[in-house]
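Text of my_file_21.cif (mmCIF, C-alpha atoms) as supplied:
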data_coords
#
loop_
_atom_site.label_atom_id
_atom_site.label_comp_id
_atom_site.auth_asym_id
_atom_site.auth_seq_id
_atom_site.Cartn_x
_atom_site.Cartn_y
_atom_site.Cartn_z
CA MET Q 239 -71.11 41.77 -30.30
CA LEU Q 240 -67.72 40.07 -30.06
CA LEU Q 241 -65.52 40.18 -33.16
CA TYR Q 242 -63.42 37.18 -34.20
CA ASP Q 243 -61.01 37.62 -37.12
CA GLN Q 244 -59.24 34.55 -38.48
CA TYR Q 245 -56.69 34.21 -41.28
CA LEU Q 246 -55.93 30.63 -42.33
CA THR Q 247 -52.63 30.19 -44.12
CA SER Q 248 -51.94 26.44 -44.01
CA ALA Q 249 -53.58 23.06 -44.46
CA GLN Q 250 -52.99 22.35 -40.78
CA GLN Q 251 -55.46 25.11 -39.85
CA MET Q 252 -58.23 24.21 -42.26
CA LEU Q 253 -60.64 22.58 -39.81
CA GLU Q 254 -60.40 25.40 -37.26
CA PRO Q 255 -63.30 27.61 -38.46
CA PHE Q 256 -65.81 24.77 -38.24
CA ALA Q 257 -64.46 23.58 -34.90
CA ASP Q 258 -64.82 27.18 -33.73
CA THR Q 259 -68.40 27.26 -35.05
CA GLY Q 260 -69.46 24.47 -32.70
CA ALA Q 261 -67.78 26.14 -29.73
CA ILE Q 262 -69.12 29.62 -30.52
CA LEU Q 263 -72.66 28.25 -30.85
CA GLN Q 264 -72.38 26.82 -27.34
CA PHE Q 265 -70.97 30.10 -25.98
CA VAL Q 266 -73.67 32.23 -27.61
CA SER Q 267 -76.41 29.86 -26.46
CA GLU Q 268 -75.24 30.01 -22.85
CA GLU Q 269 -74.08 33.62 -22.55
CA LYS Q 270 -76.59 35.36 -24.86
CA ILE Q 271 -73.82 37.38 -26.53
CA SER Q 272 -73.65 37.74 -30.31
CA VAL Q 273 -70.45 37.04 -32.27
CA ALA Q 274 -69.29 38.13 -35.74
CA HIS Q 275 -66.72 35.69 -37.18
CA PHE Q 276 -64.78 36.62 -40.32
CA TRP Q 277 -62.24 34.31 -41.95
CA THR Q 278 -60.25 33.84 -45.14
CA THR Q 279 -58.22 30.92 -46.45
CA THR Q 280 -55.54 29.91 -48.88
CA PRO Q 281 -57.03 28.36 -52.09
CA THR Q 282 -59.33 25.69 -50.65
CA VAL Q 283 -62.38 23.66 -51.61
CA ILE Q 284 -64.74 23.05 -48.70
CA LEU Q 285 -66.82 19.95 -49.40
CA GLY Q 286 -70.34 19.42 -48.08
CA LEU Q 287 -71.69 16.16 -46.71
CA GLN Q 288 -73.52 15.37 -49.96
CA ASP Q 289 -70.22 15.42 -51.83
CA GLN Q 290 -69.27 12.17 -50.09
CA ARG Q 291 -71.72 10.45 -52.45
CA LEU Q 292 -69.96 11.47 -55.66
CA GLU Q 293 -69.27 8.40 -57.82
CA ASN Q 294 -65.63 9.28 -58.50
CA LEU Q 295 -64.72 11.49 -55.54
CA ALA Q 296 -61.16 10.16 -55.46
CA GLY Q 297 -60.65 11.40 -59.02
CA GLY Q 298 -62.08 14.79 -58.12
CA LEU Q 299 -59.80 15.14 -55.11
CA LYS Q 300 -56.78 14.31 -57.26
CA PHE Q 301 -57.95 17.01 -59.67
CA LEU Q 302 -57.98 19.53 -56.81
CA ASP Q 303 -54.50 18.41 -55.74
CA ASP Q 304 -53.26 18.89 -59.29
CA ASN Q 305 -54.72 22.40 -59.27
CA ASP Q 306 -53.06 23.41 -55.99
CA HIS Q 307 -56.19 23.54 -53.85
CA ILE Q 308 -56.40 21.93 -50.45
CA TYR Q 309 -59.75 20.42 -49.50
CA TYR Q 310 -61.69 19.16 -46.53
CA LEU Q 311 -65.16 18.07 -45.50
CA ARG Q 312 -67.25 20.36 -43.32
CA ASN Q 313 -69.67 19.01 -40.72
CA SER Q 314 -72.83 20.24 -42.43
CA GLY Q 315 -74.90 19.44 -45.47
CA GLY Q 316 -74.86 20.98 -48.89
CA LEU Q 317 -72.26 20.92 -51.63
CA GLY Q 318 -68.76 22.23 -52.23
CA VAL Q 319 -67.57 25.83 -52.31
CA VAL Q 320 -64.21 27.31 -53.17
CA THR Q 321 -62.51 29.94 -51.02
CA ASP Q 322 -59.27 31.91 -51.19
CA PRO Q 323 -57.91 35.15 -49.68
CA GLU Q 324 -60.32 37.21 -51.80
CA VAL Q 325 -63.43 35.33 -50.64
CA LEU Q 326 -64.75 36.58 -47.30
CA ASN Q 327 -66.40 34.03 -45.02
CA PHE Q 328 -68.72 35.71 -42.52
CA THR Q 329 -70.71 33.98 -39.79
CA LEU Q 330 -73.21 35.85 -37.65
CA PHE Q 331 -73.95 34.07 -34.36
CA LEU Q 332 -77.14 35.11 -32.60
CA PRO Q 333 -78.73 34.00 -29.31
CA ASN Q 334 -82.41 33.21 -28.72
CA LYS Q 335 -82.78 31.20 -31.91
CA ASP Q 336 -86.47 30.53 -31.27
CA ASP Q 337 -87.10 34.24 -31.88
CA LEU Q 338 -85.92 33.74 -35.49
CA SER Q 339 -87.40 31.25 -37.92
CA ILE Q 340 -85.03 29.63 -40.40
CA ASP Q 341 -86.14 32.00 -43.16
CA GLN Q 342 -85.93 35.03 -40.84
CA ALA Q 343 -82.35 34.16 -39.93
CA TYR Q 344 -81.42 33.87 -43.60
CA GLN Q 345 -83.16 37.16 -44.32
CA LYS Q 346 -81.19 38.85 -41.56
CA MET Q 347 -77.96 38.06 -43.45
CA ALA Q 348 -79.52 39.24 -46.71
CA ASP Q 349 -80.60 42.50 -45.03
CA ILE Q 350 -77.05 43.11 -43.76
CA MET Q 351 -75.62 42.53 -47.24
CA GLN Q 352 -78.18 44.83 -48.86
CA ALA Q 353 -77.62 47.60 -46.32
CA THR Q 354 -73.85 47.28 -46.64
CA PHE Q 355 -73.32 46.93 -50.37
CA SER Q 356 -76.40 47.41 -52.55
CA GLN Q 357 -80.18 47.31 -52.50
CA LYS Q 358 -79.87 45.51 -55.84
CA ILE Q 359 -78.91 42.31 -53.97
CA LYS Q 360 -81.68 39.74 -54.32
CA THR Q 361 -82.31 36.34 -52.74
CA GLY Q 362 -83.19 33.19 -54.68
CA GLU Q 363 -81.49 30.12 -56.06
CA ILE Q 364 -78.98 30.58 -58.86
CA LYS Q 365 -79.37 27.07 -60.21
CA HIS Q 366 -76.14 26.73 -62.19
CA SER Q 367 -73.83 28.18 -59.55
CA TYR Q 368 -71.80 25.90 -57.32
CA CYS Q 369 -73.58 25.05 -54.05
CA PRO Q 370 -76.92 26.53 -55.20
CA GLY Q 371 -79.46 27.31 -52.49
CA THR Q 372 -82.78 29.03 -51.89
CA PHE Q 373 -81.09 32.01 -50.24
CA ASP Q 374 -78.30 32.61 -52.74
CA LEU Q 375 -77.49 36.32 -52.95
CA SER Q 376 -77.20 37.79 -56.43
CA ILE Q 377 -77.16 40.99 -58.46
CA ASN Q 378 -78.57 40.91 -61.99
CA ASP Q 379 -78.97 37.11 -61.66
CA GLN Q 380 -75.27 36.59 -60.96
CA LYS Q 381 -74.50 35.01 -57.61
CA ILE Q 382 -72.17 36.83 -55.24
CA ALA Q 383 -72.72 34.81 -52.06
CA GLY Q 384 -74.21 31.65 -50.64
CA ILE Q 385 -75.75 31.27 -47.19
CA SER Q 386 -76.06 28.29 -44.86
CA GLN Q 387 -77.27 27.94 -41.30
CA ARG Q 388 -76.61 25.88 -38.17
CA ARG Q 389 -78.73 25.78 -35.01
CA SER Q 390 -77.65 24.37 -31.68
CA GLY Q 391 -78.90 24.91 -28.15
CA ASN Q 392 -80.47 28.35 -28.11
CA ALA Q 393 -78.22 29.88 -30.78
CA VAL Q 394 -78.12 30.15 -34.54
CA ALA Q 395 -75.16 30.62 -36.89
CA VAL Q 396 -75.86 32.18 -40.29
CA MET Q 397 -72.86 31.62 -42.54
CA ALA Q 398 -72.07 33.39 -45.82
CA TYR Q 399 -69.24 32.94 -48.29
CA ILE Q 400 -68.92 36.17 -50.27
CA SER Q 401 -67.00 36.46 -53.55
CA ILE Q 402 -65.46 39.88 -52.99
CA THR Q 403 -62.86 40.14 -55.76
CA GLY Q 404 -60.33 37.99 -57.64
CA ASP Q 405 -60.89 35.51 -60.47
CA GLN Q 406 -64.44 34.24 -60.00
CA LYS Q 407 -64.50 32.63 -63.44
CA ARG Q 408 -61.50 30.51 -62.42
CA ARG Q 409 -63.23 29.49 -59.18
CA SER Q 410 -66.36 28.52 -61.10
CA GLN Q 411 -64.36 26.61 -63.71
CA LEU Q 412 -62.54 24.74 -60.95
CA MET Q 413 -65.84 23.60 -59.41
CA LYS Q 414 -67.36 22.81 -62.81
CA ASP Q 415 -64.38 20.56 -63.64
CA PHE Q 416 -64.39 19.03 -60.15
CA TYR Q 417 -68.01 17.94 -60.47
CA GLU Q 418 -67.55 16.69 -64.02
CA VAL Q 419 -64.65 14.50 -62.87
CA SER Q 420 -66.17 13.45 -59.54
CA ASN Q 421 -69.72 12.78 -60.72
CA TYR Q 422 -68.88 10.17 -63.36
CA PRO Q 423 -70.90 8.11 -64.01
CA VAL Q 424 -73.68 10.62 -63.36
CA SER Q 425 -75.45 10.09 -60.05
CA GLN Q 426 -79.10 9.11 -60.24
CA LYS Q 427 -79.71 10.04 -56.59
CA ILE Q 428 -78.41 13.60 -56.17
CA ASP Q 429 -78.66 16.45 -58.65
CA PHE Q 430 -75.06 17.64 -58.42
CA PRO Q 431 -74.65 21.11 -59.96
CA ASN Q 432 -74.01 21.62 -63.64
CA VAL Q 433 -71.94 24.77 -63.12
CA ASP Q 434 -72.20 27.63 -65.59
CA VAL Q 435 -69.08 29.76 -65.16
CA HIS Q 436 -71.08 32.90 -66.04
CA SER Q 437 -73.63 32.37 -63.25
CA MET Q 438 -71.39 33.90 -60.55
CA GLU Q 439 -69.51 37.18 -60.30
CA ASN Q 440 -67.51 39.18 -57.79
CA LEU Q 441 -69.20 41.78 -55.63
CA ASP Q 442 -66.70 44.50 -56.56
CA ASN Q 443 -67.50 44.18 -60.26
CA LEU Q 444 -71.27 44.17 -59.80
CA ILE Q 445 -71.37 47.25 -57.57
CA ASP Q 446 -68.49 48.93 -59.43
CA GLN Q 447 -66.49 49.65 -56.29
CA PRO Q 448 -62.92 48.63 -55.38
CA LEU Q 449 -63.12 46.10 -52.55
CA THR Q 450 -60.85 43.76 -50.65
CA SER Q 451 -61.82 41.17 -48.06
CA THR Q 452 -60.58 43.57 -45.38
CA SER Q 453 -62.49 46.60 -46.63
CA ALA Q 454 -65.65 44.52 -47.13
CA GLU Q 455 -65.42 43.33 -43.53
CA GLN Q 456 -65.11 46.89 -42.28
CA LYS Q 457 -68.19 47.91 -44.25
CA ILE Q 458 -70.18 45.03 -42.73
CA LEU Q 459 -69.05 46.03 -39.23
CA THR Q 460 -70.18 49.59 -39.93
CA THR Q 461 -73.62 48.25 -40.85
CA LEU Q 462 -73.77 46.17 -37.69
CA THR Q 463 -72.84 49.26 -35.66
CA SER Q 464 -75.65 51.20 -37.30
CA ASN Q 465 -77.99 48.36 -36.22
CA ASN Q 466 -77.22 49.17 -32.57
CA TYR Q 467 -74.47 46.59 -32.05
CA SER Q 468 -71.40 47.69 -30.12
CA ILE Q 469 -68.43 45.85 -31.66
CA ASP Q 470 -66.00 44.43 -29.10
CA ARG Q 471 -62.73 43.95 -30.99
CA LYS Q 472 -60.60 42.86 -28.01
CA ASN Q 473 -62.15 40.21 -25.83
CA PHE Q 474 -62.93 37.21 -28.02
CA ASN Q 475 -59.55 35.65 -27.22
CA ILE Q 476 -60.55 35.55 -23.54
CA VAL Q 477 -63.59 33.52 -24.53
CA ARG Q 478 -61.60 31.29 -26.89
CA ASN Q 479 -59.05 30.46 -24.19
CA SER Q 480 -61.67 29.55 -21.60
CA GLN Q 481 -62.02 25.90 -20.59
CA PRO Q 482 -65.68 25.48 -21.64
CA TYR Q 483 -64.87 26.89 -25.09
CA GLN Q 484 -61.81 24.67 -25.49
CA ASN Q 485 -63.80 21.60 -24.46
CA ALA Q 486 -66.50 22.32 -27.06
CA TYR Q 487 -63.85 23.16 -29.67
CA GLN Q 488 -61.96 19.92 -29.13
CA LYS Q 489 -65.14 17.86 -29.29
CA THR Q 490 -66.12 19.38 -32.63
CA LEU Q 491 -62.55 19.13 -33.96
CA GLU Q 492 -62.37 15.42 -33.13
CA GLU Q 493 -65.63 14.83 -34.99
CA LEU Q 494 -64.27 16.70 -38.02
CA VAL Q 495 -60.98 14.80 -37.96
CA TYR Q 496 -62.89 11.51 -37.83
CA LYS Q 497 -65.12 12.43 -40.80
CA ASN Q 498 -62.20 13.68 -42.87
CA THR Q 499 -59.98 10.69 -42.07
CA LYS Q 500 -62.80 8.34 -43.00
CA LEU Q 501 -63.37 10.18 -46.28
CA LEU Q 502 -59.81 10.93 -47.31
CA GLY Q 503 -57.91 8.05 -45.69
CA GLU Q 504 -54.15 8.16 -45.94
CA ASN Q 505 -54.27 11.38 -47.97
CA TYR Q 506 -55.62 13.29 -45.01
CA ASP Q 507 -53.13 14.60 -42.49
CA LEU Q 508 -53.78 17.29 -39.91
#

Translate this structure into structure tokens?
Amino acid sequence: MLLYDQYLTSAQQMLEPFADTGAILQFVSEEKISVAHFWTTTPTVILGLQDQRLENLAGGLKFLDDNDHIYYLRNSGGLGVVTDPEVLNFTLFLPNKDDLSIDQAYQKMADIMQATFSQKIKTGEIKHSYCPGTFDLSINDQKIAGISQRRSGNAVAVMAYISITGDQKRRSQLMKDFYEVSNYPVSQKIDFPNVDVHSMENLDNLIDQPLTSTSAEQKILTTLTSNNYSIDRKNFNIVRNSQPYQNAYQKTLEELVYKNTKLLGENYDL
């Protein structure tokens, strides 16, 4: 399994992880090699495609500006999430996607999280979290992570955002206020989340262990090693610099730039 670590520190980098996702999916599909991608960001709200339909999105984006969060639209469905240096984004790329059903791929991520951190981790929607989903991960009914999935060619990407440490109440309040501003008047077509700031919590608090994004990543890699993966920490850059990868990356990046420019207009600048 190839390891790809990414640390995003500026607005100019914000589309890179999702451009990489398209390129890694192509690589994994063709080469049958798994990839573990970990990344963190500055304070950022990642919008889902459904968020484009908010009645007062412009007002919500101004609210995020006023609260010192950058924002962008990802190229997949769902709703918005908030990330920062203490939220760990982890994507597991696997070949031979037809060997894994959608639910089995989600369960694979849940199994990794349970084996790494706690058998108390459960799956199931936490309705009043932000970006609620069927495979939310929680402990004692408080969400610690959300999972999404992309499939392309013969590969699957299972993506998790994991609230490791930091001020989760502030993140939840930010998203609660964002939706209250953006979804006015209330949409009759989409059930945008009514966020309860007590519905989510950090992993470190719930398992009563000191954690950072870095230490959590190392624990996940230890679990992957125990599952018979050999972690290659050196050679992903060779893949990333290859011409086929760069071609796929640029194609996905251009699509993302187009979607974000269309949504955000003059306020959007790579």

Ground truth for the PyMOL selection byres ((chain Q and resi 373) around 10), written as a list in words: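 Selected by the PyMOL selection byres ((chain Q and resi 373) around 10) in this file: Asp341, Tyr344, Gln345, Met347, Ala348, Lys360, Thr361, Gly362, Glu363, Ile364, Pro370, Gly371, Thr372, Asp374, Leu375, Ser376, Ala383, Gly384, Ile385 and Ser386 of chain Q.
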
- prompt: From the set Q:Phe355, Q:Trp277, Q:Tyr467, Q:Tyr487, which residue has the shortest atom-to-atom contact distance to Met239 (chain Q), counting all atoms listed in the file?
  reply: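 Checking each of Q:Phe355, Q:Trp277, Q:Tyr467, Q:Tyr487 against Met239 (chain Q), counting all atoms listed in the file, the winner is Q:Tyr467.
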
- request: Figure out the distance between CA of Ala343 (chain Q) and CA of Ser437 (chain Q), please, to one decimal in Å.
  value: 25.0 Å

Two-atom distance - CA of Ala486 (chain Q), CA of Phe474 (chain Q) (Å):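 Computing the Euclidean distance for CA of Ala486 (chain Q) and CA of Phe474 (chain Q) yields 15.3 Å.
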
field: For region 455-464 of chain Q: contacts at 7 Å, only C-alpha atoms, fewer than 5 positions along chain excluded, given as a ChimeraX atom specification
entry: /Q:350,353-354,469

Residues as selected, C-alpha atoms, written as a PDB file, keeping the file's coordinate frame, can you do that?
ATOM      1  CA  ILE Q 350     -77.050  43.110 -43.760  1.00  0.00           C
ATOM      2  CA  ALA Q 353     -77.620  47.600 -46.320  1.00  0.00           C
ATOM      3  CA  THR Q 354     -73.850  47.280 -46.640  1.00  0.00           C
ATOM      4  CA  ILE Q 469     -68.430  45.850 -31.660  1.00  0.00           C
TER       5      ILE Q 469
END

query: Got a sec to resolve the PyMOL selection byres ((chain Q and resi 338) around 12) on this structure and send the residues as a PyMOL selection string?
result: chain Q and resi 332-337+339-346+387+389+392-396

- line: From the list Q:Ser267, Q:Ser410, Q:Gln288, Q:Thr499, the nearest residue to Gly315 (chain Q) using all atoms listed in the file is Q:Gln288

field: Counting all atoms listed in the file, the option among Q:Asp415, Q:Asp470, Q:Asp349, Q:Asp434 closest to Ser272 (chain Q)
entry: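 Of all the options, Q:Asp470 lies closest to Ser272 (chain Q).
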
- request: Carefully work through the PyMOL selection byres ((chain Q and resi 428) around 9) for this structure and note down the residues it includes, as a PyMOL selection string.
  value: chain Q and resi 288+291-292+425-427+429-430

- request: Within 10 Å of region 278-282 of chain Q, counting all atoms listed in the file, which residues show up once you throw out same-chain ones fewer than 2 positions away? Write them as JSON, numbers by chain, please.
  value: {"Q": [243, 244, 245, 246, 247, 248, 249, 251, 252, 255, 276, 284, 285, 302, 305, 306, 307, 308, 309, 310, 319, 320, 321, 322, 323, 324, 325, 326, 327, 328, 399, 409, 451, 452]}
